[in-house]
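Asker: What follows is a structure written as structure tokens; I'll ask about it next.
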Amino acid sequence: MKKFKRIYVEITNRCNLNCSFCGNTKRALKEMSLEEFSLILQKIKPYTDHIYLHVKGEPLLHSHLEGILDLCIKNHLLVNLTTNGVLLKRYENLFLRSSCLRQINVSLHCEQELPNYFEDVFSTCQKLSSRIYISYRLWTLPHGKIDAKAQTIIDEICSFYKLSPSVVEKILNDKNVKIDHNTYVSKENLFTWPDTDLHLNVDGYCHALSQQIAILVDGTIVPCCLDGEGDIKLGNIFEDDLGDVLQGERFLNMLNGFRNNRVVEKLCANCDFKNRFNHKRVL
């Protein structure tokens, strides 16, 4: 049976920020019910060991977050979540006692001006890192360069963790740097969310469908976490058997295209994230 490295599940597409990087979703705002989430876990657990609570939206806004994690424990699934960090301190105790939580990615590049934001995020994550991996993300670097905003964030990290000059140098020059127990700084270039109105590029490889799929808050199954508007609808998890979706014509056409370094969907052709992968892949 096919095993995905991860399956993304969007438990809500609501967010407490309005960052230009993500943009506003055109979809109706919704929160997935616990009953809907439970059904999804039943359907996907034969196909993965890891779920990612992320596509669009802020997962910590979900009104029954503890119930979400309890269901993951019951179904023996490890959880990785991506957050802007604004609500992290509120859930510190829940996260410390939740055995399913594997990793928290904090998008420090989010656009916020909250007092004590960095202090609250870093102090909370330092406690959580006793048993959970922490990844501080700087994923909006223009052309890979450290701009003023990124430098300010790096300075905050270095000050809180009292990093040595050699570690600071690694942060400035390397993509992924360990700065403390279970704690890393991850840097990536700014990328543009895929859009069917961009310029076409029909060559390329992507990990979508071979390593991951995503499920939007309304149950729509899409190839990856960057199809945040559900343009490539492979099926609906509430209506379809996942095994049938994975054998569907659209799924297989996309997968075989990537295997031959060719893009068959317009949205994928207009996605520059795939440029991060090797141009030619042999699977």
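Order determines the names: the first chain of the structure tokens is A, the second B, and so forth; residues in each chain are numbered 1 upward, and ligands are numbered 1 upward as they are shown.
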Set the distance at 10 Å and use only C-alpha atoms: which residues neighbour segment 174-189 of chain A once local chain neighbours fewer than 4 positions away are removed? I'd like the list as an MDAnalysis selection string.
Answerer: chainID A and resid 103:108 125:126 128:146 150 154 157:158 161:164 167:170 273 276
Asker: Can you spit out the residues from that selection as a short mmCIF file (atom, residue, chain, number, x, y, z; two decimals), in the first residue's frame, using N, CA and C atoms?
Answerer:
data_model
loop_
_atom_site.label_atom_id
_atom_site.label_comp_id
_atom_site.auth_asym_id
_atom_site.auth_seq_id
_atom_site.Cartn_x
_atom_site.Cartn_y
_atom_site.Cartn_z
N GLN A 103 6.54 17.98 15.67
CA GLN A 103 7.30 19.17 15.26
C GLN A 103 6.37 20.37 15.13
N ILE A 104 6.90 21.52 15.51
CA ILE A 104 6.20 22.79 15.33
C ILE A 104 7.08 23.69 14.48
N ASN A 105 6.53 24.13 13.35
CA ASN A 105 7.21 25.10 12.50
C ASN A 105 6.62 26.48 12.78
N VAL A 106 7.48 27.41 13.17
CA VAL A 106 7.01 28.76 13.48
C VAL A 106 7.45 29.71 12.37
N SER A 107 6.47 30.28 11.68
CA SER A 107 6.77 31.21 10.59
C SER A 107 7.10 32.58 11.17
N LEU A 108 8.34 32.77 11.54
CA LEU A 108 8.75 34.05 12.11
C LEU A 108 8.69 35.18 11.09
N CYS A 125 8.78 27.94 23.04
CA CYS A 125 9.42 26.90 22.24
C CYS A 125 10.60 26.27 22.98
N GLN A 126 11.28 27.03 23.80
CA GLN A 126 12.39 26.47 24.56
C GLN A 126 11.90 25.38 25.52
N LEU A 128 8.99 23.66 25.02
CA LEU A 128 8.46 22.58 24.18
C LEU A 128 9.56 21.73 23.57
N SER A 129 10.74 22.30 23.35
CA SER A 129 11.83 21.58 22.70
C SER A 129 12.38 20.44 23.54
N SER A 130 11.92 20.32 24.77
CA SER A 130 12.33 19.18 25.59
C SER A 130 11.86 17.86 24.99
N ARG A 131 10.77 17.92 24.16
CA ARG A 131 10.26 16.70 23.55
C ARG A 131 9.73 16.90 22.13
N ILE A 132 9.74 18.14 21.63
CA ILE A 132 9.19 18.44 20.32
C ILE A 132 10.24 19.18 19.49
N TYR A 133 10.35 18.84 18.21
CA TYR A 133 11.24 19.58 17.32
C TYR A 133 10.64 20.95 17.03
N ILE A 134 11.51 21.96 17.03
CA ILE A 134 11.11 23.33 16.72
C ILE A 134 11.89 23.80 15.50
N SER A 135 11.17 24.36 14.52
CA SER A 135 11.82 24.94 13.35
C SER A 135 11.34 26.38 13.19
N TYR A 136 12.27 27.32 13.37
CA TYR A 136 11.96 28.73 13.14
C TYR A 136 12.17 29.03 11.67
N ARG A 137 11.10 29.44 11.00
CA ARG A 137 11.17 29.62 9.55
C ARG A 137 11.39 31.08 9.16
N LEU A 138 12.36 31.26 8.28
CA LEU A 138 12.56 32.53 7.57
C LEU A 138 12.47 32.18 6.09
N TRP A 139 11.27 32.18 5.58
CA TRP A 139 11.02 31.65 4.23
C TRP A 139 10.62 32.74 3.24
N THR A 140 10.94 33.98 3.54
CA THR A 140 10.58 35.06 2.62
C THR A 140 11.81 35.90 2.27
N LEU A 141 12.96 35.24 2.13
CA LEU A 141 14.18 35.96 1.82
C LEU A 141 14.20 36.34 0.33
N PRO A 142 14.31 37.62 0.00
CA PRO A 142 14.34 38.02 -1.41
C PRO A 142 15.64 37.59 -2.07
N HIS A 143 15.54 36.70 -3.06
CA HIS A 143 16.71 36.18 -3.78
C HIS A 143 17.73 35.54 -2.82
N GLY A 144 17.22 35.01 -1.71
CA GLY A 144 18.09 34.34 -0.75
C GLY A 144 18.93 35.26 0.10
N LYS A 145 18.70 36.56 0.00
CA LYS A 145 19.51 37.53 0.73
C LYS A 145 18.87 37.89 2.07
N ILE A 146 19.72 38.18 3.06
CA ILE A 146 19.24 38.62 4.36
C ILE A 146 18.86 40.10 4.24
N ALA A 150 14.64 40.23 7.96
CA ALA A 150 15.23 38.96 8.37
C ALA A 150 16.36 39.19 9.37
N ILE A 154 16.74 37.53 13.04
CA ILE A 154 17.96 36.78 13.40
C ILE A 154 18.58 37.38 14.66
N ILE A 157 16.67 36.14 17.63
CA ILE A 157 17.01 34.74 17.92
C ILE A 157 18.36 34.67 18.64
N CYS A 158 19.34 35.36 18.09
CA CYS A 158 20.69 35.31 18.65
C CYS A 158 20.73 35.86 20.06
N TYR A 161 18.82 33.25 22.54
CA TYR A 161 19.53 31.98 22.72
C TYR A 161 21.02 32.16 23.03
N LYS A 162 21.47 33.43 23.07
CA LYS A 162 22.86 33.73 23.39
C LYS A 162 23.82 32.89 22.54
N LEU A 163 23.63 33.01 21.24
CA LEU A 163 24.38 32.18 20.31
C LEU A 163 25.80 32.68 20.12
N SER A 164 26.70 31.74 19.92
CA SER A 164 28.10 32.08 19.68
C SER A 164 28.29 32.67 18.29
N VAL A 167 27.89 30.12 15.43
CA VAL A 167 26.53 29.70 15.10
C VAL A 167 25.82 30.82 14.34
N VAL A 168 26.05 32.05 14.74
CA VAL A 168 25.47 33.19 14.03
C VAL A 168 25.93 33.19 12.57
N GLU A 169 27.18 32.90 12.36
CA GLU A 169 27.72 32.85 11.01
C GLU A 169 27.04 31.76 10.19
N LYS A 170 26.77 30.62 10.82
CA LYS A 170 26.07 29.54 10.12
C LYS A 170 24.65 29.95 9.75
N PHE A 273 7.84 27.01 -6.91
CA PHE A 273 8.40 26.24 -5.81
C PHE A 273 9.11 24.98 -6.32
N ARG A 276 12.93 24.45 -6.73
CA ARG A 276 13.84 24.11 -5.64
C ARG A 276 14.34 22.66 -5.73
#
Asker: Just list as a ChimeraX atom specification whatever in segment 63-231 of chain A DSSP marks as helix (DSSP H, G or I).
Answerer: /A:65-74,88-97,117-128,142-144,148-161,165-173
Asker: Skipping near chain neighbours, those fewer than 2 positions away, what residues fall within 12 Å of Tyr8 of chain A using only C-alpha atoms, listed as a compact mmCIF listing (two decimals) with N, CA, C and O atoms, in the first residue's frame?
Answerer:
# COMPACT_ATOMS: atom_id res chain seq x y z
N PHE A 4 2.59 7.83 2.03
CA PHE A 4 3.07 9.18 1.83
C PHE A 4 3.94 9.60 3.00
O PHE A 4 3.70 9.22 4.14
N LYS A 5 4.93 10.40 2.70
CA LYS A 5 5.79 10.95 3.76
C LYS A 5 4.95 11.83 4.68
O LYS A 5 5.19 11.89 5.88
N ARG A 6 3.97 12.52 4.09
CA ARG A 6 3.09 13.37 4.89
C ARG A 6 1.78 13.61 4.13
O ARG A 6 1.75 13.58 2.91
N GLU A 10 -5.99 20.61 6.43
CA GLU A 10 -6.30 22.00 6.76
C GLU A 10 -7.51 22.01 7.69
O GLU A 10 -8.65 21.94 7.25
N ILE A 11 -7.28 22.10 9.00
CA ILE A 11 -8.39 22.03 9.95
C ILE A 11 -9.17 23.34 10.02
O ILE A 11 -10.31 23.36 10.47
N THR A 12 -8.58 24.42 9.55
CA THR A 12 -9.28 25.69 9.38
C THR A 12 -8.53 26.52 8.36
O THR A 12 -7.30 26.42 8.25
N ILE A 40 -11.66 11.77 8.36
CA ILE A 40 -10.46 11.92 7.54
C ILE A 40 -9.34 11.02 8.06
O ILE A 40 -8.68 10.32 7.28
N LEU A 41 -9.13 11.01 9.37
CA LEU A 41 -8.05 10.19 9.93
C LEU A 41 -8.29 8.70 9.65
O LEU A 41 -7.34 7.97 9.35
N ILE A 44 -7.21 8.18 5.99
CA ILE A 44 -5.82 8.42 5.55
C ILE A 44 -4.79 7.63 6.34
O ILE A 44 -3.66 7.46 5.86
N THR A 48 -0.29 6.95 5.60
CA THR A 48 0.77 7.80 6.13
C THR A 48 0.90 7.60 7.62
O THR A 48 -0.02 7.10 8.28
N ASP A 49 2.05 8.02 8.16
CA ASP A 49 2.25 8.04 9.61
C ASP A 49 2.30 9.46 10.15
O ASP A 49 2.30 9.67 11.36
N HIS A 50 2.36 10.44 9.23
CA HIS A 50 2.52 11.83 9.62
C HIS A 50 1.45 12.70 8.97
O HIS A 50 1.24 12.63 7.75
N ILE A 51 0.79 13.53 9.77
CA ILE A 51 -0.08 14.54 9.20
C ILE A 51 0.47 15.92 9.55
O ILE A 51 1.12 16.10 10.59
N TYR A 52 0.24 16.87 8.65
CA TYR A 52 0.67 18.25 8.83
C TYR A 52 -0.59 19.12 8.91
O TYR A 52 -1.37 19.16 7.96
N LEU A 53 -0.78 19.78 10.03
CA LEU A 53 -1.94 20.65 10.19
C LEU A 53 -1.62 22.01 9.58
O LEU A 53 -1.30 22.98 10.28
N HIS A 54 -1.73 22.04 8.25
CA HIS A 54 -1.32 23.26 7.55
C HIS A 54 -1.69 23.18 6.08
O HIS A 54 -1.51 22.17 5.44
N VAL A 55 -2.27 24.19 5.56
CA VAL A 55 -2.32 24.56 4.15
C VAL A 55 -2.43 26.08 4.17
O VAL A 55 -1.45 26.78 4.12
N LYS A 56 -3.65 26.58 4.28
CA LYS A 56 -3.86 27.99 4.60
C LYS A 56 -4.43 28.06 6.02
O LYS A 56 -4.84 27.07 6.60
N PRO A 59 -3.74 26.97 12.38
CA PRO A 59 -4.35 25.82 13.06
C PRO A 59 -4.65 26.06 14.54
O PRO A 59 -5.57 25.45 15.08
N LEU A 78 1.44 10.86 13.98
CA LEU A 78 2.29 11.94 14.47
C LEU A 78 1.88 13.24 13.79
O LEU A 78 1.55 13.26 12.60
N VAL A 79 1.96 14.33 14.55
CA VAL A 79 1.47 15.63 14.08
C VAL A 79 2.62 16.61 13.95
O VAL A 79 3.45 16.76 14.85
N ASN A 80 2.65 17.27 12.80
CA ASN A 80 3.54 18.41 12.58
C ASN A 80 2.63 19.58 12.24
O ASN A 80 1.73 19.45 11.41
N LEU A 81 2.83 20.71 12.88
CA LEU A 81 1.97 21.85 12.58
C LEU A 81 2.80 23.09 12.30
O LEU A 81 3.91 23.24 12.80
N THR A 82 2.23 23.96 11.47
CA THR A 82 2.86 25.22 11.13
C THR A 82 2.00 26.36 11.64
O THR A 82 0.79 26.37 11.42
N ALA A 208 5.00 16.46 -5.02
CA ALA A 208 3.56 16.25 -4.90
C ALA A 208 3.17 14.90 -5.48
O ALA A 208 3.70 14.47 -6.51
N LEU A 209 2.27 14.21 -4.79
CA LEU A 209 1.71 12.92 -5.18
C LEU A 209 2.64 11.75 -4.92
O LEU A 209 2.17 10.63 -4.66
N GLN A 211 5.23 12.03 -2.53
CA GLN A 211 5.54 12.11 -1.10
C GLN A 211 4.43 12.75 -0.28
O GLN A 211 4.41 12.63 0.94
N GLN A 212 3.51 13.45 -0.93
CA GLN A 212 2.49 14.17 -0.17
C GLN A 212 1.22 14.40 -0.99
O GLN A 212 1.25 14.41 -2.22
N ILE A 213 0.13 14.58 -0.26
CA ILE A 213 -1.10 15.14 -0.78
C ILE A 213 -1.64 16.06 0.31
O ILE A 213 -1.11 16.09 1.43
N ALA A 214 -2.69 16.82 -0.01
CA ALA A 214 -3.27 17.71 0.98
C ALA A 214 -4.79 17.63 0.92
O ALA A 214 -5.37 17.33 -0.13
N ILE A 215 -5.41 17.90 2.06
CA ILE A 215 -6.87 17.89 2.16
C ILE A 215 -7.31 19.23 2.72
O ILE A 215 -6.92 19.61 3.83
N LEU A 216 -8.10 19.96 1.95
CA LEU A 216 -8.58 21.27 2.37
C LEU A 216 -9.73 21.14 3.36
O LEU A 216 -10.29 20.05 3.56
N VAL A 217 -10.08 22.25 3.96
CA VAL A 217 -11.04 22.23 5.06
C VAL A 217 -12.42 21.72 4.63
O VAL A 217 -13.18 21.18 5.45
N GLY A 219 -12.78 19.27 2.54
CA GLY A 219 -12.60 17.87 2.14
C GLY A 219 -11.97 17.69 0.77
O GLY A 219 -11.65 16.56 0.39
N THR A 220 -11.78 18.78 0.02
CA THR A 220 -11.17 18.67 -1.30
C THR A 220 -9.76 18.11 -1.21
O THR A 220 -8.95 18.58 -0.41
N ILE A 221 -9.48 17.09 -2.01
CA ILE A 221 -8.14 16.48 -2.05
C ILE A 221 -7.36 17.15 -3.18
O ILE A 221 -7.80 17.19 -4.33
N VAL A 222 -6.18 17.69 -2.85
CA VAL A 222 -5.33 18.37 -3.82
C VAL A 222 -3.93 17.78 -3.75
O VAL A 222 -3.58 17.07 -2.80
N PRO A 223 -3.09 18.06 -4.75
CA PRO A 223 -1.77 17.40 -4.81
C PRO A 223 -0.79 17.81 -3.72
O PRO A 223 0.06 17.02 -3.33
N CYS A 224 -0.90 19.06 -3.23
CA CYS A 224 0.14 19.52 -2.29
C CYS A 224 -0.38 20.70 -1.50
O CYS A 224 -1.48 21.22 -1.74
N CYS A 225 0.44 21.17 -0.55
CA CYS A 225 0.04 22.25 0.34
C CYS A 225 0.06 23.62 -0.34
O CYS A 225 -0.38 24.61 0.26
N LEU A 226 0.54 23.71 -1.58
CA LEU A 226 0.56 24.99 -2.28
C LEU A 226 -0.69 25.21 -3.13
O LEU A 226 -0.88 26.31 -3.66
N ASP A 227 -1.52 24.20 -3.27
CA ASP A 227 -2.78 24.39 -3.98
C ASP A 227 -3.81 24.88 -2.96
O ASP A 227 -4.78 24.19 -2.63
N GLY A 228 -3.57 26.09 -2.47
CA GLY A 228 -4.38 26.62 -1.38
C GLY A 228 -5.77 27.04 -1.77
O GLY A 228 -6.60 27.34 -0.91
Asker: Residues at most 12 Å from Glu113 of chain A, counting only C-alpha atoms, excluding those fewer than 2 positions away in the same chain, as a list of chain:residue names?
Answerer: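 In the requested form, the answer reads A:Leu17, A:Asn18, A:Cys19, A:Val86, A:Leu108, A:His109, A:Cys110, A:Glu111, A:Pro115, A:Asn116, A:Tyr117, A:Phe118.
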Asker: Between A:Asp147, A:Glu119, A:Trp193, A:Val202, which is the closest to Phe160 of chain A once you count only C-alpha atoms?
Answerer: A:Glu119
